[in-house]
Each structure stands twice: as C-alpha cells, then as structure tokens.
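A.B. asks: Please find one structure pasted underneath; my questions will follow.
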Amino acid sequence: MADRLAANGEAGDQALVVDVPGQRLYLYESGELVGSFPVSTAEKGTGNREGSLQTPLGLHRVDQKIGADAPRGMIFRGRRPTGELAEILTGPDERAARDDVTTRILWLEGLEPGVNQGGEVDSKQRYIYIHGTPEEGRIGQPASHGCVRMTNADVITLFDRVREGALVDIID
C-alpha cells in the first residue's frame, strides 16, 4: 500500500486508506498513521460501474473540499448547503427518510483510467464523496449508496486536516 501511494504522490503527502472490509478510514502523513475513523461504505459492496450504488475501489484523490463553514448536520444537495439541518440518528436500526449528504464533502476523483476514471466507471462523475451522514448509528457497517460516510464530528476533523490533492486508496 505504501509503495502504491508513494508512486503516485510526493514524499510527505497526506494519504487516506479506506479499508472496506474493516469499515475504517486511515489517515497517513509522511508515511505515519495519524488518524483512524470508523466509516460506512456501500450496502451493495464494492464496484466501480455507474448506477451500481457500490463503493469504487482503487486510487483516488481529494479533488474538492466543500462546506468549510457549514454547521454540523447541514444538508447539502448538489454540493450546496440547503439551510436545513439533519436530525442525527444514533440508533443502529434508525433510518433517515432520505440519503442526505451532511456537514462536509470531500469529492473524490479517480486516478486509474478504466478502473475509476473515465467512461462508466468515473468516480467523480458518479459523485463519490467522503461525507457526513444523518445515520450515524449505521457507521461501522456497509450502509451507503456508494460514498464513504463518516460521523459528522469525524468528517469535520478530517476535512480540517486533509488538503485537496491528498491521495485516497479504497481497498477491499
């Protein structure tokens, strides 16, 4: 993993690894593990095809960070704040009425042509994000529609620390 990330970035860069089986996101800086967060990837497993509702595998980068000053729980539609705050559900069986994107967005761009870049497998065109969710009780188990969900507090922490351009490797 370190060799793969190093081959695609400069020394000292930040890197995120999303471990799908472990439902964890790891933050590395200068090759050192500096953070670990529980996440929720796709309920339908992994896959890169458009419309699959699966989490895409492979090497990505944080292309855009959206929502820097939004309050915790702000609902975004089309990457714009709606002015509405989500009710945060903490029970493992609680489901929100909608699949809202909340608090912060780290929009991912695939870096591997034919795997997660271009055509029907393009992660950016699929709107694959790392983002907050109103369904915090489901974090730690597959539950998303393709994105990587985090608790709202954790996505704020990650957002504030990670730079645009940071590498993201989603592994199965």
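Each chain in the structure tokens gets a letter, A, B, ..., in the order shown, and its residues are numbered from 1; ligands are numbered from 1 in order too.
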At a cut-off of 7 Å, using only C-alpha atoms, what residues contact Gly45 in chain A? Leave out same-chain residues fewer than 3 positions from it and give the result as a ChimeraX atom specification.

C.D. replies: /A:42,54-55

A.B. asks: Save out the residues we just selected, C-alpha atoms, as a PDB file, in the first residue's frame.

C.D. replies:
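The resulting file, again11.pdb, is shown below:
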```pdb
ATOM      1  CA  ALA A  42     -21.822   0.872   0.232  1.00  0.00           C
ATOM      2  CA  GLN A  54     -21.322   0.427  -4.883  1.00  0.00           C
ATOM      3  CA  THR A  55     -18.161   1.964  -3.442  1.00  0.00           C
TER       4      THR A  55
END
```

A.B. asks: So which one's closest to Asp93 in chain A, A:Glu50, A:Glu112, A:Glu136, A:Asp63? Using only C-alpha atoms, please.

C.D. replies: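 Among the listed residues, the smallest separation from Asp93 in chain A belongs to A:Glu136.
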
A.B. asks: Name the residues in contact with Tyr129 in chain A at a cut-off of 10 Å, using only C-alpha atoms, excluding same-chain residues fewer than 5 positions from it; report them as JSON, numbers by chain.

C.D. replies: {"A": [55, 62, 63, 64, 65, 101, 104, 105, 106, 107, 108, 109, 123, 124, 146, 147, 148, 149]}

A.B. asks: Could you save the residues just selected, with N, CA, C and O atoms, as an mmCIF file, in the first residue's frame?

C.D. replies:
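Done, and the output landed in out39.cif:
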```
data_model
loop_
_atom_site.group_PDB
_atom_site.id
_atom_site.type_symbol
_atom_site.label_atom_id
_atom_site.label_comp_id
_atom_site.auth_asym_id
_atom_site.auth_seq_id
_atom_site.Cartn_x
_atom_site.Cartn_y
_atom_site.Cartn_z
ATOM 1 N N THR A 55 -19.329 1.126 -3.703
ATOM 2 C CA THR A 55 -18.161 1.964 -3.442
ATOM 3 C C THR A 55 -17.048 1.574 -4.411
ATOM 4 O O THR A 55 -16.679 0.405 -4.499
ATOM 5 N N VAL A 62 -8.460 13.617 -3.360
ATOM 6 C CA VAL A 62 -9.470 14.585 -2.941
ATOM 7 C C VAL A 62 -9.399 15.729 -3.947
ATOM 8 O O VAL A 62 -8.423 16.481 -3.986
ATOM 9 N N ASP A 63 -10.411 15.827 -4.800
ATOM 10 C CA ASP A 63 -10.423 16.841 -5.846
ATOM 11 C C ASP A 63 -10.956 18.176 -5.329
ATOM 12 O O ASP A 63 -10.428 19.220 -5.691
ATOM 13 N N GLN A 64 -11.995 18.133 -4.522
ATOM 14 C CA GLN A 64 -12.578 19.360 -3.973
ATOM 15 C C GLN A 64 -13.057 19.120 -2.556
ATOM 16 O O GLN A 64 -13.561 18.046 -2.240
ATOM 17 N N LYS A 65 -12.912 20.163 -1.746
ATOM 18 C CA LYS A 65 -13.452 20.164 -0.384
ATOM 19 C C LYS A 65 -14.566 21.201 -0.350
ATOM 20 O O LYS A 65 -14.355 22.342 -0.754
ATOM 21 N N VAL A 101 -26.513 14.037 2.321
ATOM 22 C CA VAL A 101 -25.096 14.339 2.484
ATOM 23 C C VAL A 101 -25.039 15.505 3.466
ATOM 24 O O VAL A 101 -25.667 16.539 3.240
ATOM 25 N N ARG A 104 -19.861 18.116 5.668
ATOM 26 C CA ARG A 104 -18.694 18.377 4.809
ATOM 27 C C ARG A 104 -18.677 17.361 3.672
ATOM 28 O O ARG A 104 -19.167 16.242 3.806
ATOM 29 N N ILE A 105 -18.040 17.776 2.561
ATOM 30 C CA ILE A 105 -17.878 16.902 1.400
ATOM 31 C C ILE A 105 -16.417 16.940 0.962
ATOM 32 O O ILE A 105 -15.855 18.020 0.766
ATOM 33 N N LEU A 106 -15.826 15.777 0.792
ATOM 34 C CA LEU A 106 -14.545 15.632 0.114
ATOM 35 C C LEU A 106 -14.855 14.850 -1.155
ATOM 36 O O LEU A 106 -15.167 13.643 -1.106
ATOM 37 N N TRP A 107 -14.852 15.539 -2.300
ATOM 38 C CA TRP A 107 -15.249 14.961 -3.575
ATOM 39 C C TRP A 107 -14.044 14.249 -4.176
ATOM 40 O O TRP A 107 -12.986 14.855 -4.353
ATOM 41 N N LEU A 108 -14.207 12.976 -4.493
ATOM 42 C CA LEU A 108 -13.104 12.156 -4.968
ATOM 43 C C LEU A 108 -13.051 12.081 -6.489
ATOM 44 O O LEU A 108 -14.072 11.995 -7.162
ATOM 45 N N GLU A 109 -11.820 12.084 -6.991
ATOM 46 C CA GLU A 109 -11.556 11.891 -8.410
ATOM 47 C C GLU A 109 -10.722 10.629 -8.568
ATOM 48 O O GLU A 109 -9.683 10.482 -7.909
ATOM 49 N N SER A 123 -15.349 7.903 -10.984
ATOM 50 C CA SER A 123 -15.789 8.210 -9.615
ATOM 51 C C SER A 123 -16.271 9.645 -9.465
ATOM 52 O O SER A 123 -17.238 9.905 -8.751
ATOM 53 N N LYS A 124 -15.611 10.580 -10.107
ATOM 54 C CA LYS A 124 -16.040 11.986 -9.970
ATOM 55 C C LYS A 124 -17.408 12.180 -10.615
ATOM 56 O O LYS A 124 -18.281 12.830 -10.035
ATOM 57 N N GLY A 146 -22.827 4.215 -2.086
ATOM 58 C CA GLY A 146 -21.591 4.268 -2.871
ATOM 59 C C GLY A 146 -20.512 5.130 -2.249
ATOM 60 O O GLY A 146 -19.334 4.863 -2.410
ATOM 61 N N CYS A 147 -20.916 6.168 -1.543
ATOM 62 C CA CYS A 147 -19.957 7.075 -0.914
ATOM 63 C C CYS A 147 -19.360 6.448 0.342
ATOM 64 O O CYS A 147 -19.748 5.377 0.773
ATOM 65 N N VAL A 148 -18.416 7.176 0.925
ATOM 66 C CA VAL A 148 -17.831 6.804 2.207
ATOM 67 C C VAL A 148 -18.418 7.759 3.237
ATOM 68 O O VAL A 148 -18.155 8.962 3.201
ATOM 69 N N ARG A 149 -19.256 7.238 4.115
ATOM 70 C CA ARG A 149 -19.900 8.049 5.149
ATOM 71 C C ARG A 149 -19.056 8.050 6.422
ATOM 72 O O ARG A 149 -18.446 7.047 6.766
#
```

A.B. asks: Of the candidates A:Glu87, A:Asp169, A:Asp19, A:Asp100, which shows the shortest atom-to-atom distance to His131 in chain A, using only C-alpha atoms?

C.D. replies: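 That would be A:Asp100, the residue with the smallest distance to His131 in chain A.
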
A.B. asks: Please determine, counting only C-alpha atoms, which residue among A:Gln23, A:Gln117, A:Thr133, A:Ser52 has the shortest atom-to-atom distance to Ile156 in chain A.

C.D. replies: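 For Ile156 in chain A, the nearest of the given residues is A:Thr133.
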
A.B. asks: Quick one: residues within 8 Å of Glu29 in chain A, only C-alpha atoms, excluding same-chain residues fewer than 4 positions away - as a list in words?

C.D. replies: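 Skipping anything fewer than 4 positions along the chain leaves Gly12, Asp13, Gln14, Ala15, Leu33 and Val34 of chain A.
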
A.B. asks: Could you please write out, as an MDAnalysis selection string, every residue of chain A that DSSP assigns to alpha helix (DSSP H)?

C.D. replies: chainID A and resid 2:6 152:161

A.B. asks: So the first atom is CA of Phe37 in chain A and the second is CA of Asp154 in chain A; what is the distance between them in Å, to one decimal place?

C.D. replies: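 Atom-to-atom, CA of Phe37 in chain A to CA of Asp154 in chain A, that is 7.0 Å.
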
A.B. asks: Assign secondary structure with DSSP using the backbone only, and return the residues of chain A in strand (DSSP E or B) as an MDAnalysis selection string.

C.D. replies: chainID A and resid 14:19 24:29 32:38 40 42 46 55 58:66 74:77 80:85 89 101:110 113 117 129:132 135 144 148:150 167:171
